[in-house]
Amino acid sequence: MELSFEHSPYWLILALPFAGLVAWWIYWFRNRWESDRFEDWSAALKSATSLLRATVLFALIFLLLEPFVISMLNEVEKPLLLVYADESVSITAEEQNRFSTWFEGQKEALGQKYDVHYRRFGSEVAREGDSIGNSNLNTDYSKVVESINEDHYNQNVGAIIVATDGIQNLGQDPFYQDINQSGPLEVFALGDSVIQPDFEITEILNNDLVFLGNKFQIKVRYKAKRMQGNLAWLTLFKNGKKVDGVASEIVNSLEAREYIFELEADQIGLNRFTLSIEPHGDEKNISNNTAETFIDVLDNRTQVVIIAKAPHPDVAAIKTAIETNDQYEVKVHLLEDWNEDLEAIDLAILHGIPTDANDLNRVKAIRDKQIPVLSIVTPSISWVHFQRLNLGLEFKTMRTTTDMASAWVNDGFNLFKAPENENLHRFPPLNVVFGDYNLLGDGQVLLNQRIGSINSDRPLMGFTSTEGWKRAIVLGEGWWKWRLFERMEFDADWTDKMLVKTVQYLALKQKRTRLAIEAPEKIDEGVEIKFEGEYYNESYELNNDGDLRMVIKDSLNIEQDFRFLSSGNGYKLNVGALAPGSYNWQATIQVEGESFNQSGEFLVAENKAEFVQTTADFNFLSRWANKNGGEVFYNGQEGGLAAKLQNLDTAKPVIHTSKEWLSIIEWKWIALLIAFFAALEWFLRKYNGYY
């Protein structure tokens, strides 16, 4: 303990004689010519009152210096014991109880040495004390490593226990992730590593999208374990009806095979295909005998034509980006070679056109037929002829010079949901036309120009629509630089997604409806199902004043009623995760006596990832534990794990020393003591006749 002062303690050297001098002057010095005041007081009484006065004065001066006491505090921090229990569905309730029962029996003893933290995990790590909910459908060990490194960063971790079966079907391989803690990783092995007789469908390969009338393939891969001498009956079902099947004899104790089904796309929409191997009587796990895949059959591809004035790297970049979506077929023509055929064209992309009257005459049919247009503006464009195409851009002043500009996203854009990009400000600038221009009518700007570090209000990419004719314009060239830059720097595809979203919006042929619902067609089990809605008033302006509701009905005709929440100018609804199966939905909104409806359907696909492999992988667990300084403890070796944790030399407490600063002024008993001394002095003076 140490005494310190806010002000210089040297004042105390003067404080003591000052207090004594004041007391002497009052009770002794003045008595020489004021004999009538203390003439009857004894020397002892005057000494006592003098001492009381001096003490009070000294104490007050002492407190005015703002003294405080510094105390050294030692806090002992136990080492942490981090426990992660795998509660995914691949581990039986019996195995989960085996670990939890053992741990509960050891918890009190371990708590003497460790600060114990117990968490459950599946595809995610739950917070301490919480259940894992829908994350039990997958196992992701990389989340465990992230929790160890991030949730307990720079903490005294004495040991780590992971109770699991070694079966992972999601995330990064934890063997290649470093655990940044000094404590060893001890593994409590769950499950059974004995290979049981089993048929297992391991993989289905197919295109997600095919077109009506086309041939397509579904390739299935499967394994047979300890099934030698038996037949594998493989059957393919389409929307619940058998369409093909094949049988093959299993020769060896472990075989991996594949078979290709040849089919024709004859039903438009989302088709569900189920592959099944007939269970054998010796199989214990038949959940992995079936698997599903979904194929969307479209009537035909959306036809996109790119017409360019001259060869340019932007053209190749745009074509490649659009073709990342199989729904689109892209053809490229130089203007001089184009045959001016616009039949069956869903979207025209003009690059650097027009440069003169001849160019205008060749492409004006696009305007006349009101084919959706995406125009890429380059410095060589003739602005006089460009305006005659009525592509939705108004020029106030134009110059032949260009400027270098990057982009920023306009948050007010609501024609579609633009993909997010936190690194857009780092993209190389585009070569943009310089001048004063803006979009016409109800045009909306998606990207604005960013000049240097300043966000300007000049458009870089925008959209307009007049009586259903959709147009978009990009006021610069160099899109290929963006595409190349983000792949080299971030391994990302924002440019591709942005172009695909643009094409989807422009080329979509839809009726003008007052109520529009964006809904999923297929979603995996355990994933939250989300809807977005838009309502347009009589002027076809977005409005969300009405009450938008949805009824979802499952295959048993059980209905659930939901209400959308307002979000911006539209609506959003999250119905959570639903059980596997097919569902129908109907959305309804009533506004000013009118009712508007939209309906659809979606499928929730069963997640069988945890049942594809049920044989515990103890070999992986051993390698993982050994890499991180620990070992695996199997069934019957629980006592060894408990003993090791108790005797672990590396798990040591840490003593944290800190200083506690306590102001003496805050000590109430000192104030009471000073008041008592002052009151006692006053009492003695009054009692002995002082006036």
# chains A, B, ... in the order shown; residues from 1 in each chain; ligands from 1
call {"tool": "select_by_dssp", "arguments": {"residues": "segment 74-108 of chain A", "states": "alpha helix (DSSP H)", "output": "list in words"}}
result
Ala93, Glu94, Glu95, Gln96, Asn97, Arg98, Phe99, Ser100, Thr101, Trp102, Phe103, Glu104, Gly105, Gln106, Lys107 and Glu108 of chain A
call {"tool": "write_last_selection", "arguments": {"atoms": "N, CA and C atoms", "output": "PDB file, in the first residue's frame"}}
result
ATOM      1  N   ALA A  93     -27.867 -40.139 -30.396  1.00  0.00           N
ATOM      2  CA  ALA A  93     -28.143 -39.587 -29.069  1.00  0.00           C
ATOM      3  C   ALA A  93     -27.386 -40.355 -28.001  1.00  0.00           C
ATOM      4  N   GLU A  94     -27.213 -41.661 -28.201  1.00  0.00           N
ATOM      5  CA  GLU A  94     -26.482 -42.480 -27.226  1.00  0.00           C
ATOM      6  C   GLU A  94     -25.039 -42.025 -27.116  1.00  0.00           C
ATOM      7  N   GLU A  95     -24.408 -41.743 -28.277  1.00  0.00           N
ATOM      8  CA  GLU A  95     -23.015 -41.299 -28.265  1.00  0.00           C
ATOM      9  C   GLU A  95     -22.889 -39.901 -27.660  1.00  0.00           C
ATOM     10  N   GLN A  96     -23.830 -39.022 -27.976  1.00  0.00           N
ATOM     11  CA  GLN A  96     -23.800 -37.689 -27.381  1.00  0.00           C
ATOM     12  C   GLN A  96     -23.937 -37.767 -25.864  1.00  0.00           C
ATOM     13  N   ASN A  97     -24.822 -38.642 -25.391  1.00  0.00           N
ATOM     14  CA  ASN A  97     -25.016 -38.798 -23.944  1.00  0.00           C
ATOM     15  C   ASN A  97     -23.785 -39.389 -23.274  1.00  0.00           C
ATOM     16  N   ARG A  98     -23.053 -40.240 -24.007  1.00  0.00           N
ATOM     17  CA  ARG A  98     -21.840 -40.838 -23.423  1.00  0.00           C
ATOM     18  C   ARG A  98     -20.846 -39.756 -23.044  1.00  0.00           C
ATOM     19  N   PHE A  99     -20.678 -38.770 -23.925  1.00  0.00           N
ATOM     20  CA  PHE A  99     -19.732 -37.704 -23.600  1.00  0.00           C
ATOM     21  C   PHE A  99     -20.287 -36.762 -22.537  1.00  0.00           C
ATOM     22  N   SER A 100     -21.547 -36.326 -22.710  1.00  0.00           N
ATOM     23  CA  SER A 100     -22.108 -35.360 -21.764  1.00  0.00           C
ATOM     24  C   SER A 100     -22.168 -35.936 -20.351  1.00  0.00           C
ATOM     25  N   THR A 101     -22.473 -37.237 -20.224  1.00  0.00           N
ATOM     26  CA  THR A 101     -22.519 -37.869 -18.898  1.00  0.00           C
ATOM     27  C   THR A 101     -21.130 -37.897 -18.274  1.00  0.00           C
ATOM     28  N   TRP A 102     -20.127 -38.267 -19.083  1.00  0.00           N
ATOM     29  CA  TRP A 102     -18.751 -38.285 -18.548  1.00  0.00           C
ATOM     30  C   TRP A 102     -18.321 -36.884 -18.137  1.00  0.00           C
ATOM     31  N   PHE A 103     -18.617 -35.897 -18.987  1.00  0.00           N
ATOM     32  CA  PHE A 103     -18.160 -34.546 -18.689  1.00  0.00           C
ATOM     33  C   PHE A 103     -18.833 -33.990 -17.435  1.00  0.00           C
ATOM     34  N   GLU A 104     -20.133 -34.225 -17.275  1.00  0.00           N
ATOM     35  CA  GLU A 104     -20.829 -33.735 -16.086  1.00  0.00           C
ATOM     36  C   GLU A 104     -20.231 -34.344 -14.822  1.00  0.00           C
ATOM     37  N   GLY A 105     -19.794 -35.595 -14.928  1.00  0.00           N
ATOM     38  CA  GLY A 105     -19.175 -36.235 -13.767  1.00  0.00           C
ATOM     39  C   GLY A 105     -17.816 -35.665 -13.420  1.00  0.00           C
ATOM     40  N   GLN A 106     -17.133 -35.074 -14.411  1.00  0.00           N
ATOM     41  CA  GLN A 106     -15.788 -34.533 -14.191  1.00  0.00           C
ATOM     42  C   GLN A 106     -15.779 -33.010 -14.033  1.00  0.00           C
ATOM     43  N   LYS A 107     -16.934 -32.388 -14.261  1.00  0.00           N
ATOM     44  CA  LYS A 107     -16.977 -30.930 -14.335  1.00  0.00           C
ATOM     45  C   LYS A 107     -16.524 -30.266 -13.044  1.00  0.00           C
ATOM     46  N   GLU A 108     -16.986 -30.782 -11.910  1.00  0.00           N
ATOM     47  CA  GLU A 108     -16.633 -30.159 -10.633  1.00  0.00           C
ATOM     48  C   GLU A 108     -15.141 -30.272 -10.364  1.00  0.00           C
TER      49      GLU A 108
END
call {"tool": "residues_around", "arguments": {"residues": "segment 513-519 of chain A", "least_positions_apart": "5", "cutoff": "7 Å", "atoms": "only C-alpha atoms", "output": "ChimeraX atom specification"}}
result
/A:531-537,596-598
call {"tool": "write_last_selection", "arguments": {"atoms": "N, CA and C atoms", "output": "CSV table (one decimal), in the first residue's frame"}}
result
chain,number,residue,atom,x,y,z
A,531,PHE,N,-38.7,-14.1,-48.7
A,531,PHE,CA,-39.4,-13.5,-49.8
A,531,PHE,C,-39.2,-12.0,-49.8
A,532,GLU,N,-39.3,-11.4,-51.0
A,532,GLU,CA,-39.4,-10.0,-51.2
A,532,GLU,C,-40.6,-9.6,-52.0
A,533,GLY,N,-41.2,-8.6,-51.7
A,533,GLY,CA,-42.4,-8.2,-52.4
A,533,GLY,C,-42.4,-6.7,-52.8
A,534,GLU,N,-43.1,-6.4,-53.9
A,534,GLU,CA,-43.3,-5.0,-54.3
A,534,GLU,C,-44.7,-4.8,-54.8
A,535,TYR,N,-45.3,-3.7,-54.4
A,535,TYR,CA,-46.6,-3.3,-54.8
A,535,TYR,C,-46.6,-1.9,-55.5
A,536,TYR,N,-47.3,-1.8,-56.6
A,536,TYR,CA,-47.3,-0.6,-57.4
A,536,TYR,C,-48.7,0.0,-57.3
A,537,ASN,N,-48.8,1.3,-57.1
A,537,ASN,CA,-50.1,2.0,-57.1
A,537,ASN,C,-50.6,2.2,-58.6
A,596,PHE,N,-55.1,-7.8,-54.8
A,596,PHE,CA,-54.1,-8.3,-55.8
A,596,PHE,C,-53.4,-9.5,-55.2
A,597,ASN,N,-53.2,-10.5,-56.1
A,597,ASN,CA,-52.7,-11.8,-55.7
A,597,ASN,C,-51.5,-12.3,-56.6
A,598,GLN,N,-50.7,-13.1,-56.0
A,598,GLN,CA,-49.7,-13.8,-56.8
A,598,GLN,C,-49.4,-15.1,-56.1
call {"tool": "residues_around", "arguments": {"residues": "Ser71 of chain A", "least_positions_apart": "4", "cutoff": "12 Å", "atoms": "only C-alpha atoms", "output": "MDAnalysis selection string"}}
result
chainID A and resid 1:4 657:663
call {"tool": "select_by_dssp", "arguments": {"residues": "segment 115-280 of chain A", "states": "strand (DSSP E)", "output": "VMD selection string"}}
result
chain A and resid 115 to 121 157 to 164 185 to 189 198 to 205 209 to 211 215 to 225 231 to 238 241 to 249 254 to 264 269 to 277
call {"tool": "write_last_selection", "arguments": {"atoms": "C-alpha atoms", "output": "PDB file, in the first residue's frame"}}
result
ATOM      1  CA  ASP A 115     -12.304 -22.100 -16.036  1.00  0.00           C
ATOM      2  CA  VAL A 116     -14.513 -24.404 -18.117  1.00  0.00           C
ATOM      3  CA  HIS A 117     -16.350 -23.235 -21.268  1.00  0.00           C
ATOM      4  CA  TYR A 118     -18.735 -25.745 -22.897  1.00  0.00           C
ATOM      5  CA  ARG A 119     -20.134 -25.130 -26.397  1.00  0.00           C
ATOM      6  CA  ARG A 120     -22.046 -27.226 -28.911  1.00  0.00           C
ATOM      7  CA  PHE A 121     -21.427 -27.221 -32.646  1.00  0.00           C
ATOM      8  CA  VAL A 157      -6.073 -21.508 -22.878  1.00  0.00           C
ATOM      9  CA  GLY A 158      -4.861 -24.532 -20.928  1.00  0.00           C
ATOM     10  CA  ALA A 159      -6.466 -27.295 -22.999  1.00  0.00           C
ATOM     11  CA  ILE A 160      -9.072 -27.941 -25.687  1.00  0.00           C
ATOM     12  CA  ILE A 161     -11.452 -30.898 -25.921  1.00  0.00           C
ATOM     13  CA  VAL A 162     -13.365 -31.703 -29.107  1.00  0.00           C
ATOM     14  CA  ALA A 163     -15.874 -34.555 -28.846  1.00  0.00           C
ATOM     15  CA  THR A 164     -16.705 -35.738 -32.377  1.00  0.00           C
ATOM     16  CA  LEU A 185      -6.135 -30.363 -28.603  1.00  0.00           C
ATOM     17  CA  GLU A 186      -7.528 -33.499 -26.951  1.00  0.00           C
ATOM     18  CA  VAL A 187     -10.122 -35.445 -28.952  1.00  0.00           C
ATOM     19  CA  PHE A 188     -12.889 -37.492 -27.341  1.00  0.00           C
ATOM     20  CA  ALA A 189     -13.758 -40.014 -30.073  1.00  0.00           C
ATOM     21  CA  ASP A 198     -23.859 -50.352 -46.893  1.00  0.00           C
ATOM     22  CA  PHE A 199     -24.926 -48.927 -50.254  1.00  0.00           C
ATOM     23  CA  GLU A 200     -24.098 -45.228 -50.468  1.00  0.00           C
ATOM     24  CA  ILE A 201     -24.936 -42.691 -53.194  1.00  0.00           C
ATOM     25  CA  THR A 202     -21.965 -40.347 -52.966  1.00  0.00           C
ATOM     26  CA  GLU A 203     -22.492 -37.831 -55.787  1.00  0.00           C
ATOM     27  CA  ILE A 204     -24.902 -36.735 -58.523  1.00  0.00           C
ATOM     28  CA  LEU A 205     -23.594 -34.699 -61.433  1.00  0.00           C
ATOM     29  CA  LEU A 209     -30.400 -25.734 -66.358  1.00  0.00           C
ATOM     30  CA  VAL A 210     -31.487 -27.439 -69.590  1.00  0.00           C
ATOM     31  CA  PHE A 211     -33.769 -26.436 -72.436  1.00  0.00           C
ATOM     32  CA  LYS A 215     -30.933 -34.299 -74.356  1.00  0.00           C
ATOM     33  CA  PHE A 216     -29.147 -34.218 -71.007  1.00  0.00           C
ATOM     34  CA  GLN A 217     -27.333 -36.575 -68.634  1.00  0.00           C
ATOM     35  CA  ILE A 218     -27.521 -37.381 -64.954  1.00  0.00           C
ATOM     36  CA  LYS A 219     -24.404 -39.102 -63.667  1.00  0.00           C
ATOM     37  CA  VAL A 220     -24.631 -40.904 -60.327  1.00  0.00           C
ATOM     38  CA  ARG A 221     -21.719 -42.241 -58.315  1.00  0.00           C
ATOM     39  CA  TYR A 222     -22.204 -44.771 -55.544  1.00  0.00           C
ATOM     40  CA  LYS A 223     -20.240 -47.083 -53.255  1.00  0.00           C
ATOM     41  CA  ALA A 224     -20.887 -50.588 -52.038  1.00  0.00           C
ATOM     42  CA  LYS A 225     -19.230 -51.654 -48.764  1.00  0.00           C
ATOM     43  CA  LEU A 231     -27.132 -56.803 -56.703  1.00  0.00           C
ATOM     44  CA  ALA A 232     -27.263 -53.015 -56.614  1.00  0.00           C
ATOM     45  CA  TRP A 233     -30.694 -51.978 -57.954  1.00  0.00           C
ATOM     46  CA  LEU A 234     -30.386 -48.336 -59.007  1.00  0.00           C
ATOM     47  CA  THR A 235     -33.632 -46.537 -59.909  1.00  0.00           C
ATOM     48  CA  LEU A 236     -34.266 -43.030 -61.237  1.00  0.00           C
ATOM     49  CA  PHE A 237     -37.528 -41.202 -60.438  1.00  0.00           C
ATOM     50  CA  LYS A 238     -38.732 -37.972 -62.023  1.00  0.00           C
ATOM     51  CA  LYS A 241     -42.484 -41.440 -61.138  1.00  0.00           C
ATOM     52  CA  LYS A 242     -40.005 -44.102 -62.188  1.00  0.00           C
ATOM     53  CA  VAL A 243     -38.296 -43.297 -65.498  1.00  0.00           C
ATOM     54  CA  ASP A 244     -35.315 -45.674 -65.608  1.00  0.00           C
ATOM     55  CA  GLY A 245     -33.397 -48.285 -63.647  1.00  0.00           C
ATOM     56  CA  VAL A 246     -30.381 -50.559 -63.795  1.00  0.00           C
ATOM     57  CA  ALA A 247     -28.968 -53.480 -61.774  1.00  0.00           C
ATOM     58  CA  SER A 248     -25.348 -54.541 -61.340  1.00  0.00           C
ATOM     59  CA  GLU A 249     -23.613 -57.236 -59.317  1.00  0.00           C
ATOM     60  CA  LEU A 254     -15.450 -52.217 -51.445  1.00  0.00           C
ATOM     61  CA  GLU A 255     -16.473 -50.879 -54.848  1.00  0.00           C
ATOM     62  CA  ALA A 256     -17.060 -47.398 -56.282  1.00  0.00           C
ATOM     63  CA  ARG A 257     -19.170 -47.207 -59.409  1.00  0.00           C
ATOM     64  CA  GLU A 258     -20.942 -44.671 -61.591  1.00  0.00           C
ATOM     65  CA  TYR A 259     -23.802 -44.792 -64.064  1.00  0.00           C
ATOM     66  CA  ILE A 260     -25.072 -42.238 -66.582  1.00  0.00           C
ATOM     67  CA  PHE A 261     -28.781 -41.822 -67.310  1.00  0.00           C
ATOM     68  CA  GLU A 262     -29.643 -40.301 -70.709  1.00  0.00           C
ATOM     69  CA  LEU A 263     -32.848 -38.227 -70.647  1.00  0.00           C
ATOM     70  CA  GLU A 264     -34.808 -35.700 -72.691  1.00  0.00           C
ATOM     71  CA  GLY A 269     -40.197 -25.880 -64.868  1.00  0.00           C
ATOM     72  CA  LEU A 270     -38.266 -27.222 -61.914  1.00  0.00           C
ATOM     73  CA  ASN A 271     -38.019 -31.023 -62.110  1.00  0.00           C
ATOM     74  CA  ARG A 272     -37.061 -33.177 -59.152  1.00  0.00           C
ATOM     75  CA  PHE A 273     -35.039 -36.324 -59.842  1.00  0.00           C
ATOM     76  CA  THR A 274     -34.597 -38.966 -57.144  1.00  0.00           C
ATOM     77  CA  LEU A 275     -31.971 -41.706 -57.345  1.00  0.00           C
ATOM     78  CA  SER A 276     -32.439 -44.719 -55.131  1.00  0.00           C
ATOM     79  CA  ILE A 277     -30.594 -47.965 -54.428  1.00  0.00           C
TER      80      ILE A 277
END
call {"tool": "residues_around", "arguments": {"residues": "segment 609-618 of chain A", "least_positions_apart": "4", "cutoff": "8 Å", "atoms": "only C-alpha atoms", "output": "list in words"}}
result
Ser88, Val89, Ser90, Leu137, Asn138, Thr139, Asp165, Gly166, Ile167, Asn169, Ala189, Leu190, Gly191, Asp192, Ser193, Val194, Ile195, Gln196, Glu200, Ile201, Thr202, Asn285, Ser287, Asn288 and Ser622 of chain A
call {"tool": "residues_around", "arguments": {"residues": "Asn358 of chain A", "least_positions_apart": "6", "cutoff": "12 Å", "atoms": "only C-alpha atoms", "output": "list in words"}}
result
Lys309, Leu335, Glu336, Lys364, Ser382, His385 and Phe386 of chain A
call {"tool": "write_last_selection", "arguments": {"atoms": "N, CA and C atoms", "output": "tab-separated table (two decimals), in the first residue's frame"}}
result
chain	number	residue	atom	x	y	z
A	309	LYS	N	-18.89	-1.39	-82.94
A	309	LYS	CA	-18.34	-0.62	-84.06
A	309	LYS	C	-16.98	-1.16	-84.47
A	335	LEU	N	-20.44	-4.13	-86.58
A	335	LEU	CA	-21.54	-3.46	-87.25
A	335	LEU	C	-21.47	-3.63	-88.76
A	336	GLU	N	-20.26	-3.58	-89.34
A	336	GLU	CA	-20.13	-3.68	-90.79
A	336	GLU	C	-20.48	-5.06	-91.31
A	364	LYS	N	-31.34	1.75	-86.19
A	364	LYS	CA	-32.55	2.41	-85.72
A	364	LYS	C	-33.74	1.46	-85.65
A	382	SER	N	-21.04	9.64	-82.01
A	382	SER	CA	-21.59	10.92	-82.47
A	382	SER	C	-22.80	11.24	-81.60
A	385	HIS	N	-26.23	11.92	-83.44
A	385	HIS	CA	-26.93	10.73	-83.92
A	385	HIS	C	-27.35	9.82	-82.76
A	386	PHE	N	-26.58	9.84	-81.69
A	386	PHE	CA	-26.92	9.01	-80.53
A	386	PHE	C	-28.26	9.43	-79.95
call {"tool": "residues_around", "arguments": {"residues": "Gly478 of chain A", "least_positions_apart": "3", "cutoff": "7 Å", "atoms": "only C-alpha atoms", "output": "CSV table (one decimal) with C-alpha atoms, in the first residue's frame"}}
result
chain,number,residue,atom,x,y,z
A,314,ASP,CA,-14.9,-4.8,-73.4
A,430,LEU,CA,-12.9,3.9,-66.6
A,431,ASN,CA,-12.5,6.2,-69.6
A,481,LYS,CA,-10.1,-3.7,-66.6
call {"tool": "closest_residue", "arguments": {"among": "A:Ala321, A:Leu439, A:Ile473, A:Leu648", "to": "Gly629 of chain A", "atoms": "only C-alpha atoms"}}
result
A:Leu648
call {"tool": "closest_atom_pairs", "arguments": {"of": "segment 417-505 of chain A", "to": "segment 368-380 of chain A", "cutoff": "9 Å", "atoms": "only C-alpha atoms", "output": "JSON lines"}}
result
{"residue": "A:Asn431", "atom": "CA", "partner": "A:Thr378", "partner_atom": "CA", "distance": 8.1}
{"residue": "A:Val432", "atom": "CA", "partner": "A:Thr378", "partner_atom": "CA", "distance": 7.3}
{"residue": "A:Val433", "atom": "CA", "partner": "A:Pro379", "partner_atom": "CA", "distance": 6.0}
{"residue": "A:Phe434", "atom": "CA", "partner": "A:Pro379", "partner_atom": "CA", "distance": 8.9}
{"residue": "A:Phe463", "atom": "CA", "partner": "A:Leu374", "partner_atom": "CA", "distance": 8.9}
{"residue": "A:Gly468", "atom": "CA", "partner": "A:Gln370", "partner_atom": "CA", "distance": 8.6}
{"residue": "A:Trp469", "atom": "CA", "partner": "A:Gln370", "partner_atom": "CA", "distance": 5.6}
{"residue": "A:Lys470", "atom": "CA", "partner": "A:Pro372", "partner_atom": "CA", "distance": 5.1}
{"residue": "A:Arg471", "atom": "CA", "partner": "A:Val373", "partner_atom": "CA", "distance": 4.8}
{"residue": "A:Ala472", "atom": "CA", "partner": "A:Leu374", "partner_atom": "CA", "distance": 4.7}
{"residue": "A:Ile473", "atom": "CA", "partner": "A:Ser375", "partner_atom": "CA", "distance": 4.7}
{"residue": "A:Val474", "atom": "CA", "partner": "A:Ile376", "partner_atom": "CA", "distance": 4.9}
{"residue": "A:Leu475", "atom": "CA", "partner": "A:Val377", "partner_atom": "CA", "distance": 4.9}
{"residue": "A:Gly476", "atom": "CA", "partner": "A:Val377", "partner_atom": "CA", "distance": 5.5}
{"residue": "A:Glu477", "atom": "CA", "partner": "A:Thr378", "partner_atom": "CA", "distance": 6.0}
{"residue": "A:Thr502", "atom": "CA", "partner": "A:Leu374", "partner_atom": "CA", "distance": 8.6}
{"residue": "A:Val503", "atom": "CA", "partner": "A:Leu374", "partner_atom": "CA", "distance": 8.4}
call {"tool": "closest_residue", "arguments": {"among": "A:Ser123, A:Asp130, A:His333, A:Tyr10", "to": "Gln172 of chain A", "atoms": "only C-alpha atoms"}}
result
A:Ser123
